[in-house]
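**Q** This is protein_15.txt (compact mmCIF, C-alpha atoms).
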```
# COMPACT_ATOMS: atom_id res chain seq x y z
CA MET A 1 87.04 89.83 66.87
CA SER A 2 86.03 92.20 69.65
CA ALA A 3 84.32 95.54 69.08
CA ASP A 4 87.57 97.20 70.15
CA ARG A 5 89.43 95.68 67.21
CA ARG A 6 88.33 96.17 63.63
CA ARG A 7 89.86 94.39 60.68
CA VAL A 8 90.19 96.64 57.64
CA ALA A 9 91.62 96.41 54.14
CA VAL A 10 92.90 98.61 51.35
CA ILE A 11 93.00 97.43 47.77
CA GLN A 12 95.89 98.61 45.66
CA TRP A 13 94.80 98.47 42.03
CA ARG A 14 96.53 98.60 38.66
CA PHE A 15 94.30 100.81 36.54
CA ALA A 16 92.28 99.17 33.76
CA TRP A 17 89.32 100.54 31.82
CA ALA A 18 86.05 98.68 32.33
CA THR A 19 84.80 96.45 29.53
CA ALA A 20 81.28 96.08 28.18
CA ASP A 21 80.97 92.62 29.73
CA ASP A 22 81.10 91.73 33.45
CA ALA A 23 84.83 90.97 33.58
CA TRP A 24 85.82 94.26 35.25
CA THR A 25 83.00 94.00 37.82
CA ASN A 26 83.85 90.36 38.53
CA GLU A 27 87.47 91.26 39.24
CA TRP A 28 86.38 93.85 41.80
CA ALA A 29 83.98 91.31 43.31
CA CYS A 30 86.91 88.91 43.66
CA TRP A 31 89.23 91.42 45.36
CA ILE A 32 86.58 92.80 47.69
CA GLY A 33 85.47 89.25 48.45
CA GLN A 34 89.07 88.35 49.30
CA ALA A 35 89.22 91.24 51.78
CA ALA A 36 85.87 90.22 53.32
CA THR A 37 87.00 86.58 53.59
CA CYS A 38 89.99 87.81 55.60
CA GLY A 39 87.50 89.43 57.99
CA ALA A 40 87.69 93.02 56.79
CA GLN A 41 84.74 95.14 57.92
CA LEU A 42 85.94 98.24 56.10
CA VAL A 43 87.48 98.28 52.62
CA VAL A 44 89.01 101.25 50.81
CA LEU A 45 89.57 101.41 47.03
CA PRO A 46 91.98 103.76 45.23
CA ALA A 47 91.56 107.02 43.35
CA HIS A 48 89.90 106.95 39.92
CA THR A 49 88.32 103.53 40.40
CA GLY A 50 84.97 104.83 39.19
CA ASP A 51 86.45 106.68 36.21
CA ALA A 52 87.25 103.33 34.60
CA LEU A 53 83.51 102.86 34.00
CA LEU A 54 83.53 105.70 31.45
CA ALA A 55 84.80 103.20 28.91
CA ARG A 56 81.42 101.44 28.96
CA GLN A 57 79.90 104.57 27.47
CA ARG A 58 82.96 105.56 25.47
CA PRO A 59 84.69 102.34 24.28
CA GLU A 60 87.37 104.34 22.48
CA LEU A 61 88.80 105.31 25.87
CA GLY A 62 89.89 101.72 26.41
CA HIS A 63 92.91 102.31 24.16
CA LEU A 64 94.07 105.41 26.04
CA SER A 65 95.94 106.12 29.26
CA LEU A 66 93.94 107.27 32.28
CA ARG A 67 95.00 110.90 31.96
CA THR A 68 94.41 111.06 28.22
CA GLY A 69 91.10 109.25 28.62
CA LEU A 70 89.85 111.73 31.21
CA ASP A 71 90.89 114.60 28.93
CA GLN A 72 89.01 112.99 26.08
CA ALA A 73 85.92 112.36 28.19
CA TRP A 74 85.60 115.72 29.92
CA LEU A 75 87.74 118.36 28.22
CA THR A 76 86.03 118.11 24.85
CA SER A 77 83.23 120.57 24.15
CA LEU A 78 80.33 118.32 25.04
CA PRO A 79 76.91 119.97 25.02
CA ASP A 80 75.70 120.54 28.58
CA GLN A 81 72.92 118.01 28.23
CA GLU A 82 75.25 115.30 26.93
CA ARG A 83 77.79 116.07 29.65
CA ALA A 84 75.12 115.73 32.33
CA SER A 85 73.82 112.52 30.79
CA GLN A 86 77.32 111.00 30.68
CA GLY A 87 77.86 111.89 34.32
CA GLN A 88 74.50 110.51 35.38
CA ARG A 89 75.09 107.16 33.66
CA LEU A 90 78.58 106.97 35.15
CA TRP A 91 77.23 107.62 38.66
CA GLN A 92 74.45 105.07 38.28
CA ASP A 93 76.87 102.41 37.05
CA TYR A 94 79.39 103.13 39.82
CA GLN A 95 76.79 103.24 42.59
CA GLY A 96 75.04 100.10 41.35
CA ILE A 97 78.22 98.00 41.34
CA PHE A 98 79.71 99.07 44.65
CA SER A 99 76.45 99.36 46.55
CA ARG A 100 75.75 95.74 45.67
CA LEU A 101 79.22 94.58 46.70
CA ALA A 102 79.05 96.43 50.04
CA ALA A 103 75.69 94.82 50.84
CA GLN A 104 76.76 91.39 49.60
CA HIS A 105 79.71 91.28 52.00
CA GLY A 106 78.22 93.40 54.81
CA ILE A 107 81.12 95.84 54.78
CA VAL A 108 81.61 99.58 54.93
CA LEU A 109 83.03 100.40 51.49
CA ALA A 110 84.90 103.53 50.44
CA ALA A 111 84.60 102.82 46.72
CA GLY A 112 87.52 104.83 45.41
CA SER A 113 86.90 108.08 43.56
CA LEU A 114 85.84 109.51 40.21
CA LEU A 115 85.27 112.78 38.40
CA LEU A 116 81.61 113.76 38.26
CA PRO A 117 79.79 116.84 36.97
CA ALA A 118 77.50 118.66 39.39
CA ALA A 119 74.12 120.10 38.43
CA ASP A 120 75.85 123.29 37.30
CA GLY A 121 78.12 121.28 34.99
CA ARG A 122 81.32 121.76 37.01
CA LEU A 123 83.49 118.68 37.51
CA TYR A 124 84.45 117.52 41.00
CA HIS A 125 86.84 114.80 42.12
CA GLN A 126 84.83 112.90 44.71
CA ALA A 127 84.61 109.66 46.64
CA ALA A 128 81.56 107.83 47.99
CA LEU A 129 81.01 105.78 51.13
CA PHE A 130 78.53 102.88 51.35
CA ASP A 131 77.31 101.24 54.57
CA THR A 132 76.95 97.55 55.35
CA GLN A 133 73.50 97.48 53.73
CA GLY A 134 74.82 99.01 50.52
CA GLU A 135 73.17 102.36 51.23
CA LEU A 136 75.02 105.48 50.15
CA MET A 137 76.15 107.30 53.30
CA GLY A 138 77.40 110.28 51.38
CA SER A 139 80.29 111.55 49.31
CA GLN A 140 83.29 113.81 49.77
CA ARG A 141 84.62 116.22 47.15
CA ALA A 142 88.35 116.90 47.03
CA CYS A 143 89.08 120.42 48.25
CA HIS A 144 92.37 120.77 46.37
CA ARG A 145 93.32 120.03 42.77
CA SER A 146 96.39 118.72 41.00
CA ALA A 147 97.83 120.49 37.96
CA ALA A 148 96.17 117.91 35.70
CA GLU A 149 92.82 118.49 37.41
CA ARG A 150 93.14 122.25 37.06
CA ALA A 151 93.76 121.74 33.34
CA LEU A 152 90.53 119.75 33.23
CA ARG A 153 88.80 122.63 35.03
CA VAL A 154 87.93 120.45 38.01
CA ALA A 155 86.35 122.55 40.76
CA ALA A 156 87.38 122.47 44.43
CA GLY A 157 85.08 121.13 47.12
CA GLU A 158 84.22 123.44 49.98
CA GLN A 159 83.04 121.20 52.80
CA LEU A 160 84.48 118.34 54.85
CA THR A 161 82.26 115.65 56.39
CA VAL A 162 82.81 113.00 59.06
CA PHE A 163 80.75 109.82 58.77
CA ASP A 164 79.48 107.72 61.69
CA THR A 165 79.75 104.09 60.59
CA ALA A 166 79.63 100.60 62.05
CA VAL A 167 83.44 100.69 62.11
CA GLY A 168 83.91 104.11 63.68
CA ARG A 169 83.98 107.81 62.81
CA LEU A 170 85.61 108.15 59.40
CA GLY A 171 86.79 111.01 57.22
CA LEU A 172 87.61 110.82 53.51
CA ILE A 173 90.79 112.45 52.20
CA VAL A 174 90.35 112.46 48.43
CA GLY A 175 93.06 112.72 45.80
CA GLU A 176 95.18 115.86 46.09
CA ASP A 177 93.88 116.57 49.62
CA LEU A 178 96.49 114.02 50.74
CA TYR A 179 99.11 116.76 50.49
CA TYR A 180 97.27 119.43 52.50
CA PRO A 181 97.46 118.68 56.26
CA GLU A 182 94.67 121.13 57.11
CA VAL A 183 92.18 118.67 55.59
CA ALA A 184 93.05 115.94 58.10
CA ARG A 185 93.19 118.46 60.94
CA VAL A 186 89.68 119.74 60.21
CA LEU A 187 88.39 116.15 60.01
CA ALA A 188 90.09 115.36 63.33
CA LEU A 189 88.53 118.42 64.95
CA HIS A 190 85.15 117.06 63.83
CA GLY A 191 85.89 113.74 65.50
CA ALA A 192 87.29 111.53 62.73
CA ALA A 193 89.20 108.63 64.28
CA ALA A 194 90.38 107.20 60.96
CA PHE A 195 91.21 108.79 57.62
CA LEU A 196 90.35 106.95 54.40
CA ALA A 197 92.47 108.06 51.46
CA PRO A 198 91.76 106.88 47.91
CA THR A 199 94.93 108.22 46.30
CA GLN A 200 97.18 108.38 43.29
CA ARG A 201 100.44 109.12 45.05
CA ARG A 202 102.70 111.67 43.32
CA PHE A 203 105.94 111.01 45.21
CA GLY A 204 107.97 107.82 45.58
CA GLY A 205 110.07 106.18 48.26
CA GLU A 206 109.97 106.77 52.00
CA ALA A 207 109.60 110.51 51.45
CA GLY A 208 106.43 109.92 49.44
CA LEU A 209 104.91 107.99 52.32
CA LEU A 210 105.93 110.45 55.03
CA ALA A 211 104.73 113.49 53.06
CA GLY A 212 101.17 112.21 52.88
CA LEU A 213 98.81 110.27 55.11
CA TRP A 214 101.54 109.08 57.51
CA ARG A 215 102.12 112.69 58.57
CA ASP A 216 98.40 113.26 59.14
CA VAL A 217 98.00 110.06 61.16
CA GLN A 218 100.85 110.98 63.50
CA GLY A 219 99.81 114.63 63.78
CA ASN A 220 96.26 113.72 64.79
CA GLN A 221 96.71 110.39 66.62
CA ALA A 222 94.30 108.72 64.21
CA PHE A 223 94.35 105.63 62.01
CA GLY A 224 94.84 105.90 58.26
CA LEU A 225 93.99 103.72 55.27
CA GLU A 226 95.65 104.70 51.99
CA ALA A 227 94.62 102.79 48.87
CA CYS A 228 96.96 103.66 46.00
CA LEU A 229 96.23 103.58 42.31
CA VAL A 230 98.92 101.93 40.21
CA ASP A 231 99.06 103.84 36.94
CA PRO A 232 102.15 103.12 34.78
CA GLU A 233 101.99 106.57 33.17
CA THR A 234 102.06 108.61 36.37
CA ALA A 235 103.26 106.27 39.16
CA PRO A 236 106.34 107.63 41.00
CA ILE A 237 109.58 105.66 40.87
CA GLN A 238 109.94 103.24 43.80
CA SER A 239 106.48 103.91 45.15
CA LEU A 240 105.97 102.14 48.47
CA GLY A 241 102.33 101.48 47.62
CA SER A 242 99.31 101.17 49.89
CA HIS A 243 99.48 101.31 53.69
CA ILE A 244 97.37 100.89 56.80
CA LEU A 245 98.74 103.31 59.37
CA GLY A 246 98.38 104.07 63.07
CA PRO A 247 99.92 106.25 65.76
CA ALA A 248 103.59 105.34 66.08
CA GLU A 249 103.19 104.35 69.74
CA LEU A 250 100.77 101.59 68.71
CA THR A 251 102.85 100.01 65.96
CA GLU A 252 105.85 97.73 65.68
CA ASP A 253 109.16 99.56 66.00
CA THR A 254 107.12 102.77 66.38
CA ARG A 255 107.12 103.15 62.58
CA GLY A 256 103.45 104.05 62.37
CA VAL A 257 102.80 101.22 59.90
CA ILE A 258 100.26 98.47 60.68
CA ALA A 259 100.36 96.76 57.27
CA HIS A 260 101.62 97.60 53.79
CA ALA A 261 101.69 96.34 50.21
CA ALA A 262 104.55 94.08 49.19
CA THR A 263 105.29 96.37 46.22
CA GLY A 264 103.84 99.51 44.69
CA SER A 265 103.56 98.05 41.22
CA ASP A 266 100.58 95.70 41.07
CA THR A 267 97.12 94.90 42.40
CA GLU A 268 97.16 93.71 46.01
CA VAL A 269 94.81 93.37 48.99
CA VAL A 270 96.36 94.66 52.23
CA VAL A 271 94.70 93.70 55.53
CA GLY A 272 95.32 94.97 59.06
CA ASP A 273 93.64 95.55 62.44
CA LEU A 274 92.71 98.83 64.08
CA ASP A 275 92.84 98.65 67.88
CA TRP A 276 90.37 101.25 69.10
CA ALA A 277 90.98 100.41 72.78
CA ALA A 278 94.70 101.03 72.39
CA ARG A 279 93.99 104.36 70.71
CA ARG A 280 91.65 105.40 73.54
CA GLN A 281 94.36 104.55 76.05
CA LEU A 282 96.89 106.55 74.05
CA LEU A 283 94.60 109.57 74.11
CA MET A 284 94.22 109.18 77.89
CA ASP A 285 97.98 108.90 78.38
CA TYR A 286 98.94 111.66 75.99
CA ASP A 287 96.16 113.43 74.14
CA ILE A 288 97.77 115.51 71.42
CA THR A 289 94.43 117.10 70.60
CA ARG A 290 94.56 119.15 73.79
CA TYR A 291 97.33 121.17 72.15
CA PHE A 292 95.29 121.99 69.04
CA ASN A 293 94.22 125.61 68.62
CA PRO A 294 90.85 125.61 66.82
CA ARG A 295 90.44 129.38 67.16
CA LEU A 296 93.68 129.89 65.27
CA TYR A 297 92.60 127.46 62.54
CA VAL A 298 89.26 129.17 62.12
CA GLY A 299 90.76 132.61 61.82
CA GLN A 300 93.74 131.74 59.66
CA LEU A 301 92.06 129.23 57.38
CA LEU A 302 89.14 131.53 56.68
CA GLU A 303 91.59 134.26 55.81
CA ALA A 304 93.69 131.95 53.62
CA TYR A 305 90.66 130.46 51.88
CA PRO A 306 88.37 133.44 51.20
```
Spell out the structure here as structure tokens.
**A**
Amino acid sequence: MSADRRRVAVIQWRFAWATADDAWTNEWACWIGQAATCGAQLVVLPAHTGDALLARQRPELGHLSLRTGLDQAWLTSLPDQERASQGQRLWQDYQGIFSRLAAQHGIVLAAGSLLLPAADGRLYHQAALFDTQGELMGSQRACHRSAAERALRVAAGEQLTVFDTAVGRLGLIVGEDLYYPEVARVLALHGAAAFLAPTQRRFGGEAGLLAGLWRDVQGNQAFGLEACLVDPETAPIQSLGSHILGPAELTEDTRGVIAHAATGSDTEVVVGDLDWAARRQLLMDYDITRYFNPRLYVGQLLEAYP
């Protein structure tokens, strides 16, 4: 495959708590390996992938739903030292597994997301990005919070980062940020050519798709990779599941969809190709970014987000 075409994948995953043995890790190795065998150079995992590893420290969580398990793990009055220790072990476990898998397959890996305490003890919903050598490129904290996250006292991130990778310039749209178009716009202004979204979609059907990453992809002439978590407790009815998206002009029937999951109800690997040359030509023919107004965004956003 030429440098102008990049094969990518999103993994839609039905949530399951990790076990003390290697079964959970081996399943992820299988799915990521399947994507790599198909030629994927970039793989995106869904929201809360890393949270499943809490059950290795707290086996009692394995009998609970995701939401109840997160409440149990973080809302209880843990001493600060124990809270920090739990977060540190979770991070080490998460980084160790997905760093190794990224290096093993030589892929850029957006390894889903998880809740992690910062040094000051505040929780953040964040996602990490690993390069083809398994090195941590950095992480992105979600800048907006769901009602459930507010109840957990999750804090809001305050900075957006674009990552230069072997696949292209990428921006992470984490969790609830999917529903705030200013996040994608800021990333686009910083040069992101593709948005990676580890999500737990809140709305079903065609409207659920159009209200999220699809809108941001079309509004910024970028590519988009949305990896959806399948969680029976919170999944919307008739969810369309995970998608690989592109500018409408570059896709079949101008739908803006490059590839999509067969259903929204089970684990699935979705593979598609990003045509960077076609996107460059689109920007030459009709560059929507020339109509952006950065000065307006700076003034208004700073006023709206004091």
**Q** Work out how far apart CA of Arg122 in chain A and CA of His48 in chain A are and give it in Å to one decimal.
**A** 17.4 Å
**Q** Of the residues A:Gly106, A:Ala35, A:Gln92, A:Val44, which is the one nearest to Ile244 in chain A, using all atoms listed in the file?
**A**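 With all atoms listed in the file as the atom set, the closest residue is A:Val44.
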**Q** In Å, with one decimal, what is the gap from CA of Val186 in chain A to CA of Phe223 in chain A?
**A**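 Value for the CA of Val186 in chain A-CA of Phe223 in chain A distance: 15.0 Å.
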**Q** Pick out the residues sitting within 10 Å of range 114-117 of chain A, and hand them over as JSON, numbers by chain; count only C-alpha atoms, and ignore anything fewer than 5 positions along from it in its own chain.
**A** {"A": [46, 47, 48, 49, 50, 51, 52, 53, 54, 70, 74, 83, 84, 85, 86, 87, 88, 90, 91, 94, 122, 123, 124, 125, 126, 127, 128, 141, 149, 154, 155, 174, 175]}
**Q** Find, counting only C-alpha atoms, the residue in A:Trp276, A:Trp214, A:Trp31, A:Tyr291 that gets nearest to Ala248 in chain A.
**A**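 Of A:Trp276, A:Trp214, A:Trp31, A:Tyr291, the one nearest Ala248 in chain A, counting only C-alpha atoms, is A:Trp214.
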**Q** Could you state the separation of CA of Ala55 in chain A and CA of Thr68 in chain A in Å, given to one decimal place?
**A**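 Atom-to-atom, CA of Ala55 in chain A to CA of Thr68 in chain A, that is 12.4 Å.
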**Q** Please give the centre and size of the box around range 229-234 of chain A (axis-aligned, containing every atom listed in the file, 6 Å added per side), with values in Å to one decimal and written as JSON.
**A**
```
{"center_x": 99.2, "center_y": 105.3, "center_z": 37.7, "size_x": 17.9, "size_y": 18.7, "size_z": 21.1}
```
**Q** Which neighbours of Asp4 in chain A fall inside 12 Å, counting only C-alpha atoms, when residues of the same chain fewer than 4 positions from it are skipped, and could you give them as JSON, numbers by chain?
**A** {"A": [166, 167, 168, 273, 274, 275, 276, 277, 278, 279, 280, 281]}
**Q** Which is closest to Asp22 in chain A among A:Asp120, A:Ile97, A:Gln104, A:Thr199, if we use all atoms listed in the file?
**A**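 Checking each candidate against Asp22 in chain A, we get A:Ile97 as the closest.
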**Q** Taking 4 positions as the minimum chain separation for residues in the same chain, which residues sit within 8 Å of Phe98 in chain A when counting only C-alpha atoms? Answer as a list in words.
**A**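 Counting only the stated atoms, we get Tyr94, Ala102, Leu109, Ala111, Phe130 and Gly134 of chain A.
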**Q** Here is a test: counting only C-alpha atoms, which residue of A:Cys228, A:Pro181, A:Asp71, A:Phe195 is nearest to Arg215 in chain A?
**A**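 Ranked by minimum distance to Arg215 in chain A, first place goes to A:Pro181.
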**Q** Got a sec: who's within 10 Å of Val183 in chain A, counting only C-alpha atoms, leaving out chain neighbours fewer than 2 positions off, as an NGL selection string?
**A** :A and (142-144 or 159-160 or 171-174 or 177-181 or 185-188 or 216)
**Q** Considering only C-alpha atoms, return as a PDB file with C-alpha atoms, in the frame of the given file whatever protein or nucleic-acid residues lie within 10 Å of Ala151 in chain A, sequence-local ones (same chain, fewer than 5 positions apart) excluded.
**A**
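Below you can see out00.pdb, which holds the result:
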```
ATOM      1  CA  ASP A  71      90.890 114.600  28.930  1.00  0.00           C
ATOM      2  CA  LEU A  75      87.740 118.360  28.220  1.00  0.00           C
ATOM      3  CA  ARG A 145      93.320 120.030  42.770  1.00  0.00           C
ATOM      4  CA  SER A 146      96.390 118.720  41.000  1.00  0.00           C
TER       5      SER A 146
END
```
**Q** From (80.0, 96.1, 52.2), in the file's coordinates, out to 10 Å: which residues are reached, counting all atoms listed in the file? Answer as a ChimeraX atom specification.
**A** /A:32-33,36,40-43,98-111,129-135
